[in-house]
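Let me begin by presenting the structure, written as structure tokens, before commenting on it.
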Amino acid sequence: MPALNLISIAEAAAEVSVSTRTIRRYIADGKIEGVRVGSRLIRVNRKSLDALVTPMGVTA
């Protein structure tokens with residue numbers, strides 16, 4: 001299995017300017033991929049977070 005680019009919930013929240021509670025909600029809703037490391041630690045897959053943030057259509 002290839003290594004995942006994992007970040008903490010706090011880092012993910014700071015990256016997209018939302019609360020950690022929102023990141024946890026996104027994981028629960030399946031909007032982004034969360035990975036449990038051990039029994040308590042949760043990390044976020046950066047690629048799924050990047051996929052969540054999409055640019056809005058801009059007309060020139």
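Scheme for the structure tokens: letters A, B, ... for chains in order shown; per-chain residue numbers from 1; ligand numbers from 1 in order shown.
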
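Residues within 12 Å of Ile23 of chain A, counting only C-alpha atoms and excluding same-chain residues fewer than 5 positions away, are Ile7, Ser8, Ile9, Ala10, Glu11, Ala12, Ala13, Ala14, Glu15, Val16, Ser17, Val18, Ala28, Asp29, Gly30, Lys31, Ile32, Glu33, Gly34, Ile42, Arg43, Val44, Asn45, Ser48, Leu49 and Leu52 of chain A.
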
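Minimum distance to Leu6 of chain A across A:Arg21, A:Arg46, A:Arg36, A:Ala51 (counting only C-alpha atoms) occurs at A:Arg46.
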
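Listed by chain and then by rising number, the residues of chain A that DSSP assigns to strand (DSSP E) from the backbone are Leu6, Ile7, Ser8, Gly34, Val35, Arg36, Val37, Leu41, Ile42, Arg43, Val44 and Asn45 of chain A.
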
Q: Name the residues of chain A that fall into helix (DSSP H, G or I) according to DSSP on the backbone, using the chain letters and numbers of this document, as JSON, numbers by chain.
A: {"A": [9, 10, 11, 12, 13, 14, 15, 16, 20, 21, 22, 23, 24, 25, 26, 27, 28, 29, 46, 47, 48, 49, 50, 51, 52]}
